[in-house]
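Engineer: This is the content of data28.txt (compact mmCIF, C-alpha atoms):
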# COMPACT_ATOMS: atom_id res chain seq x y z
CA MET A 1 8.80 -13.19 -13.64
CA GLN A 2 11.42 -11.05 -11.91
CA PRO A 3 10.90 -10.73 -8.13
CA ILE A 4 11.87 -7.60 -6.20
CA GLN A 5 12.59 -7.60 -2.49
CA THR A 6 9.72 -6.70 -0.19
CA GLY A 7 11.89 -5.15 2.52
CA THR A 8 10.11 -7.28 5.13
CA LYS A 9 12.26 -10.00 6.70
CA GLY A 10 10.82 -13.44 5.98
CA LEU A 11 8.15 -12.29 3.51
CA ASP A 12 10.34 -12.87 0.46
CA ASP A 13 10.52 -16.55 1.46
CA LEU A 14 6.73 -16.85 1.09
CA LEU A 15 6.85 -15.20 -2.33
CA GLY A 16 9.69 -17.10 -3.97
CA GLY A 17 12.03 -14.12 -3.76
CA GLY A 18 9.77 -11.07 -3.59
CA PHE A 19 6.88 -9.26 -5.21
CA PRO A 20 6.56 -9.72 -8.99
CA LYS A 21 8.04 -6.66 -10.66
CA GLY A 22 5.60 -4.27 -12.29
CA LYS A 23 2.51 -5.75 -10.65
CA CYS A 24 -0.14 -4.22 -8.40
CA ILE A 25 -0.44 -5.95 -5.01
CA LEU A 26 -3.25 -5.44 -2.52
CA VAL A 27 -2.42 -5.51 1.21
CA VAL A 28 -5.54 -6.21 3.28
CA GLY A 29 -5.62 -5.87 7.06
CA SER A 30 -7.55 -4.66 10.06
CA PRO A 31 -6.58 -1.44 11.91
CA GLY A 32 -3.33 -1.99 13.79
CA ALA A 33 -2.23 -4.93 11.66
CA GLY A 34 0.79 -3.02 10.32
CA LYS A 35 -0.22 -2.28 6.73
CA THR A 36 1.48 1.13 6.69
CA ILE A 37 4.65 -0.39 8.15
CA LEU A 38 4.78 -3.09 5.48
CA LEU A 39 4.20 -0.55 2.70
CA MET A 40 6.92 1.77 3.96
CA GLN A 41 9.40 -1.10 4.37
CA PHE A 42 8.80 -1.88 0.71
CA LEU A 43 9.59 1.70 -0.35
CA LYS A 44 12.55 1.99 2.02
CA SER A 45 14.04 -1.23 0.65
CA GLY A 46 13.84 0.17 -2.87
CA ALA A 47 15.27 3.54 -1.87
CA LEU A 48 18.36 1.83 -0.45
CA VAL A 49 19.09 0.31 -3.89
CA ASP A 50 18.30 3.55 -5.78
CA GLU A 51 14.76 2.59 -6.80
CA ARG A 52 12.76 5.76 -6.24
CA GLY A 53 9.53 5.31 -4.32
CA LEU A 54 6.32 7.33 -4.07
CA TYR A 55 4.13 7.12 -0.97
CA VAL A 56 0.57 8.38 -1.54
CA THR A 57 -1.17 9.24 1.73
CA MET A 58 -4.94 9.00 1.45
CA ASP A 59 -5.95 9.49 5.11
CA GLU A 60 -3.11 11.22 6.95
CA THR A 61 -0.61 13.89 6.03
CA PRO A 62 2.96 12.83 5.20
CA GLU A 63 4.16 14.33 8.49
CA GLN A 64 1.67 12.24 10.45
CA VAL A 65 2.79 9.09 8.62
CA LYS A 66 6.46 9.81 9.30
CA ASN A 67 5.77 10.59 12.96
CA ASN A 68 3.86 7.33 13.37
CA LEU A 69 6.84 5.40 11.97
CA SER A 70 9.57 7.38 13.73
CA SER A 71 10.12 4.77 16.47
CA PHE A 72 11.63 2.37 13.92
CA GLY A 73 14.64 4.64 13.29
CA TRP A 74 14.38 4.50 9.50
CA ASN A 75 15.35 8.16 8.92
CA LEU A 76 12.74 8.72 6.23
CA ASP A 77 13.50 12.44 6.16
CA LYS A 78 17.02 11.66 4.91
CA LEU A 79 15.68 9.43 2.12
CA GLU A 80 13.25 12.19 1.19
CA GLU A 81 16.00 14.83 1.14
CA GLU A 82 18.09 12.59 -1.12
CA GLY A 83 15.17 12.32 -3.54
CA LYS A 84 14.87 8.56 -3.09
CA LEU A 85 11.47 8.73 -1.36
CA LEU A 86 8.64 11.08 -2.33
CA PHE A 87 5.37 11.76 -0.51
CA LEU A 88 2.13 12.77 -2.20
CA ASP A 89 -0.54 14.15 0.13
CA ALA A 90 -3.91 13.07 -1.28
CA SER A 91 -5.69 13.06 2.09
CA MET A 92 -8.38 15.43 0.79
CA MET A 93 -9.71 12.49 -1.23
CA ARG A 94 -11.48 11.26 1.91
CA HIS A 95 -13.78 14.31 1.75
CA SER A 96 -16.23 13.15 -0.88
CA SER A 97 -18.13 16.44 -0.96
CA LEU A 98 -15.08 18.66 -1.46
CA ARG A 99 -16.07 21.62 -3.62
CA ARG A 100 -13.49 24.30 -3.01
CA GLN A 101 -10.35 24.77 -5.10
CA SER A 102 -7.81 22.35 -3.71
CA GLY A 103 -4.56 20.64 -4.58
CA LEU A 104 -2.38 17.66 -3.94
CA MET A 105 0.85 18.26 -2.07
CA LEU A 106 4.15 16.85 -3.29
CA GLY A 107 7.15 17.57 -1.11
CA GLY A 108 5.41 20.59 0.41
CA GLU A 109 4.52 22.12 -2.97
CA GLU A 110 0.91 22.31 -4.07
CA ILE A 111 -0.18 20.69 -7.32
CA THR A 112 -3.19 22.72 -8.40
CA SER A 113 -6.31 20.65 -9.01
CA GLU A 114 -9.70 21.13 -10.53
CA PRO A 115 -12.49 22.45 -8.25
CA ARG A 116 -13.67 18.96 -7.32
CA MET A 117 -11.06 16.35 -6.53
CA THR A 118 -11.64 13.26 -8.68
CA VAL A 119 -10.11 9.82 -9.11
CA ARG A 120 -9.30 10.75 -12.70
CA PHE A 121 -7.33 13.77 -11.52
CA LEU A 122 -5.42 11.64 -9.02
CA ILE A 123 -4.57 9.15 -11.79
CA GLU A 124 -3.32 11.94 -14.06
CA THR A 125 -1.24 13.40 -11.23
CA LEU A 126 0.31 10.02 -10.42
CA SER A 127 1.10 9.38 -14.08
CA ARG A 128 2.87 12.71 -14.38
CA ILE A 129 4.92 12.23 -11.20
CA ILE A 130 5.90 8.66 -12.16
CA LYS A 131 7.21 9.86 -15.51
CA GLU A 132 8.91 13.05 -14.32
CA GLU A 133 10.48 11.57 -11.18
CA ASP A 134 11.35 8.11 -12.57
CA ILE A 135 9.32 6.33 -9.88
CA GLN A 136 9.72 2.55 -9.68
CA ARG A 137 7.83 1.67 -6.50
CA ILE A 138 4.48 3.05 -5.32
CA ALA A 139 2.50 2.68 -2.08
CA ILE A 140 -1.14 3.81 -1.84
CA ASP A 141 -2.38 3.97 1.75
CA PRO A 142 -5.34 3.29 1.92
CA ILE A 143 -7.51 2.81 -1.16
CA THR A 144 -10.57 2.83 1.14
CA SER A 145 -10.76 6.63 0.85
CA ILE A 146 -11.56 6.31 -2.85
CA MET A 147 -14.16 3.62 -2.24
CA LEU A 148 -16.04 5.84 0.22
CA ARG A 149 -16.56 8.51 -2.42
CA TYR A 150 -19.05 6.40 -4.35
CA ASP A 151 -22.49 5.33 -3.17
CA GLN A 152 -23.42 3.48 -6.35
CA PRO A 153 -21.66 0.10 -6.77
CA SER A 154 -21.39 0.56 -10.55
CA ARG A 155 -19.60 3.92 -10.21
CA ARG A 156 -17.39 2.54 -7.47
CA ARG A 157 -16.38 -0.43 -9.60
CA HIS A 158 -15.64 1.81 -12.61
CA ALA A 159 -13.45 4.14 -10.51
CA MET A 160 -11.56 1.26 -8.92
CA LEU A 161 -11.04 -0.48 -12.26
CA MET A 162 -9.71 2.74 -13.76
CA PHE A 163 -7.38 3.29 -10.80
CA PHE A 164 -5.93 -0.23 -10.71
CA GLU A 165 -5.47 -0.30 -14.48
CA SER A 166 -3.50 2.95 -14.31
CA LEU A 167 -1.18 1.51 -11.66
CA THR A 168 -0.57 -1.64 -13.71
CA GLN A 169 0.06 0.32 -16.90
CA SER A 170 2.56 2.59 -15.12
CA GLY A 171 5.14 -0.22 -15.07
CA CYS A 172 5.80 0.38 -11.37
CA THR A 173 5.51 -2.21 -8.66
CA SER A 174 2.62 -0.99 -6.51
CA LEU A 175 1.34 -1.87 -3.06
CA VAL A 176 -2.20 -0.74 -2.23
CA SER A 177 -3.62 -1.08 1.27
CA THR A 178 -7.26 -1.56 2.22
CA GLU A 179 -9.20 -2.37 5.37
CA LEU A 180 -10.18 -5.89 6.34
CA ARG A 181 -13.85 -5.21 7.03
CA THR A 182 -14.84 -8.52 8.66
CA SER A 183 -13.23 -11.27 10.69
CA MET A 184 -11.12 -13.90 8.94
CA LEU A 185 -13.84 -16.57 9.21
CA ARG A 186 -16.61 -14.30 7.90
CA ARG A 187 -14.53 -12.47 5.31
CA ALA A 188 -16.08 -11.89 1.90
CA PHE A 189 -13.97 -11.10 -1.16
CA GLN A 190 -13.67 -7.39 -1.84
CA LEU A 191 -13.75 -5.70 -5.22
CA GLU A 192 -10.11 -4.64 -4.94
CA GLU A 193 -8.98 -8.25 -4.65
CA PHE A 194 -10.33 -9.13 -8.09
CA LEU A 195 -8.65 -6.10 -9.68
CA SER A 196 -5.15 -6.66 -8.28
CA GLN A 197 -2.54 -9.19 -9.41
CA GLY A 198 -1.73 -10.23 -5.85
CA VAL A 199 -3.32 -10.17 -2.40
CA VAL A 200 -1.54 -10.25 0.96
CA LEU A 201 -3.73 -10.63 4.05
CA MET A 202 -2.64 -9.39 7.48
CA HIS A 203 -4.83 -11.10 10.09
CA MET A 204 -5.27 -10.26 13.76
CA PHE A 205 -7.29 -12.52 16.07
CA VAL A 206 -7.45 -13.57 19.70
CA HIS A 207 -6.49 -17.12 20.71
CA SER A 208 -6.43 -18.24 24.34
CA GLY A 209 -6.45 -14.63 25.46
CA ASN A 210 -3.50 -13.61 23.26
CA VAL A 211 -3.51 -11.42 20.13
CA ILE A 212 -2.14 -13.42 17.21
CA ARG A 213 -0.81 -11.79 14.04
CA ALA A 214 -0.69 -13.90 10.87
CA ILE A 215 0.15 -13.06 7.28
CA GLN A 216 -1.10 -14.95 4.24
CA VAL A 217 -0.31 -14.65 0.53
CA GLU A 218 -3.81 -15.32 -0.76
CA LYS A 219 -3.04 -14.66 -4.41
CA MET A 220 0.06 -13.86 -6.47
CA ARG A 221 -0.45 -14.37 -10.20
CA GLY A 222 2.43 -15.91 -12.11
CA THR A 223 4.43 -16.68 -8.98
CA ALA A 224 4.72 -19.82 -6.88
CA HIS A 225 4.01 -18.85 -3.28
CA ASP A 226 3.27 -20.19 0.18
CA ALA A 227 -0.47 -19.65 0.83
CA GLN A 228 -0.39 -20.85 4.43
CA LEU A 229 -0.94 -18.59 7.43
CA ARG A 230 2.44 -17.61 8.86
CA PRO A 231 3.02 -15.66 12.08
CA TYR A 232 4.58 -12.20 12.10
CA GLN A 233 5.52 -9.62 14.69
CA ILE A 234 5.95 -5.87 14.79
CA THR A 235 9.37 -5.42 16.37
CA SER A 236 11.43 -2.35 17.25
CA THR A 237 12.79 -2.29 13.69
CA GLY A 238 9.59 -3.13 11.77
CA ILE A 239 7.64 -6.20 10.68
CA GLU A 240 9.27 -9.62 10.71
CA VAL A 241 7.60 -12.70 9.20
CA TYR A 242 8.42 -16.23 10.38
CA PRO A 243 8.06 -18.28 7.16
CA LYS A 244 8.79 -21.69 8.69
CA ASP A 245 6.48 -21.39 11.70
CA ARG A 246 2.82 -22.30 11.96
CA VAL A 247 0.23 -20.09 13.60
CA PHE A 248 -1.22 -22.91 15.71
Can you give me the file's structure in the form of structure tokens?

Structural biologist:
Amino acid sequence: MQPIQTGTKGLDDLLGGGFPKGKCILVVGSPGAGKTILLMQFLKSGALVDERGLYVTMDETPEQVKNNLSSFGWNLDKLEEEGKLLFLDASMMRHSSLRRQSGLMLGGEEITSEPRMTVRFLIETLSRIIKEEDIQRIAIDPITSIMLRYDQPSRRRHAMLMFFESLTQSGCTSLVSTELRTSMLRRAFQLEEFLSQGVVLMHMFVHSGNVIRAIQVEKMRGTAHDAQLRPYQITSTGIEVYPKDRVF
């Protein structure tokens, strides 16, 4: 299975060269763990080798995302101007009771939607953009906004299954972020983990009064990988993983 570089220093070493091409990978972490950073490093890495990337913002606007990442000096605006990085604003998905006429935003232009925003409409929009723009890498941040739209577990499972299947069938390599809802020791498996081909966990916990960050490749189908907890840091240039070090 062909690996593609993650864009995160040290993470490729845990994955035997990178993420498996064409697969859908779930990135699970608590707030502040660096999920958005890791997703954007993945797209930026692809953009630098002419693999067009699409970043789908589910909670914040594209401008907010870019402002939050501006301290790393990645010059995302330049990549966007060159057509190597595209942003799709799907932040209205978090409003489950949305009734008015609304639209997704791609590069500042509105994509007209049906009166009620649906997961099916988002899937159709993504499929069209992937085909028309020759997208090869996708980041969805976070999938939690879709989960919150459904009160009934059966409907939630159907929507998530439909969404993950569409990403896999697109042929793109996709990273999807979601919240780590409990501590590492009490963590229960989430629906998204069963639907994805790979799972990367970004842990944060306190040890001897210090905040420890650790990354773990919990699952990566078809690829030999290091499943041990490995420390990582958020530096001035992004996330760096230390693949030879132990957490404790």

Engineer: With only C-alpha atoms counted, which protein, DNA or RNA residues have an atom no more than 10 Å from (-2.6, 1.3, 4.4) in the file frame? Please answer as a PyMOL selection string.

Structural biologist: chain A and resi 26-40+56-59+139-144+175-179

Engineer: What does the distance from CA of Thr6 (chain A) to CA of Ser127 (chain A) come to in Å, to one decimal?

Structural biologist: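 Answer for the CA of Thr6 (chain A) to CA of Ser127 (chain A) separation: 22.9 Å.
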
Engineer: I'd like the contact shell of region 10-21 of chain A - 7 Å cut-off, all atoms listed in the file, skipping same-chain residues fewer than 6 positions apart - returned as number ranges by chain.

Structural biologist: A: 1-4, 173, 224-226, 240-243

Engineer: What separation in Å, quoted to one decimal, exists between CA of Phe87 (chain A) and CA of Leu54 (chain A)?

Structural biologist: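 Here the two named atoms are 5.8 Å from each other.
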
Engineer: Set the distance at 8 Å and use all atoms listed in the file: which residues neighbour Gly198 (chain A) once local chain neighbours fewer than 6 positions away are removed? I'd like the list as a ChimeraX atom specification.

Structural biologist: /A:23-26,217-221

Engineer: Compile the contact shell of Glu192 (chain A) as a ChimeraX atom specification: residues with an atom at most 9 Å away, counting all atoms listed in the file, same-chain residues fewer than 3 positions apart removed.

Structural biologist: /A:26,143,157,160-161,164,178,189,195-196

Engineer: Keeping only C-alpha atoms, write the selected residues as a PDB file, in the frame of the given file.

Structural biologist:
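The new file out-v5.pdb reads:
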ATOM      1  CA  LEU A  26      -3.250  -5.440  -2.520  1.00  0.00           C
ATOM      2  CA  ILE A 143      -7.510   2.810  -1.160  1.00  0.00           C
ATOM      3  CA  ARG A 157     -16.380  -0.430  -9.600  1.00  0.00           C
ATOM      4  CA  MET A 160     -11.560   1.260  -8.920  1.00  0.00           C
ATOM      5  CA  LEU A 161     -11.040  -0.480 -12.260  1.00  0.00           C
ATOM      6  CA  PHE A 164      -5.930  -0.230 -10.710  1.00  0.00           C
ATOM      7  CA  THR A 178      -7.260  -1.560   2.220  1.00  0.00           C
ATOM      8  CA  PHE A 189     -13.970 -11.100  -1.160  1.00  0.00           C
ATOM      9  CA  LEU A 195      -8.650  -6.100  -9.680  1.00  0.00           C
ATOM     10  CA  SER A 196      -5.150  -6.660  -8.280  1.00  0.00           C
TER      11      SER A 196
END

Engineer: Suppose you want the space between CA of Val199 (chain A) and CA of Leu126 (chain A); what is it in Å?

Structural biologist: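 Separating CA of Val199 (chain A) from CA of Leu126 (chain A) is a distance of 22.0 Å.
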
Engineer: Could you pull the residues within 10 Å of Phe205 (chain A), counting all atoms listed in the file, minus those fewer than 2 positions along the same chain, as a VMD selection string?

Structural biologist: chain A and resid 30 183 to 184 203 207 209 to 214

Engineer: Hey, which of A:Pro153, A:Gly171, A:Pro231, A:Gly238 ends up closest to Lys44 (chain A)? Count all atoms listed in the file.

Structural biologist: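 The closest residue to Lys44 (chain A) is A:Gly238.
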
Engineer: For a cutoff of 7 Å around the file-coordinate point (6.6, 4.3, -3.1), which residues qualify once you count all atoms listed in the file? I'd like the result as a PyMOL selection string.

Structural biologist: chain A and resi 43+53-55+85+137-139

Engineer: Nearest residue to Arg149 (chain A) out of A:Glu51, A:Glu165, A:Trp74, A:Thr118, using all atoms listed in the file?

Structural biologist: A:Thr118
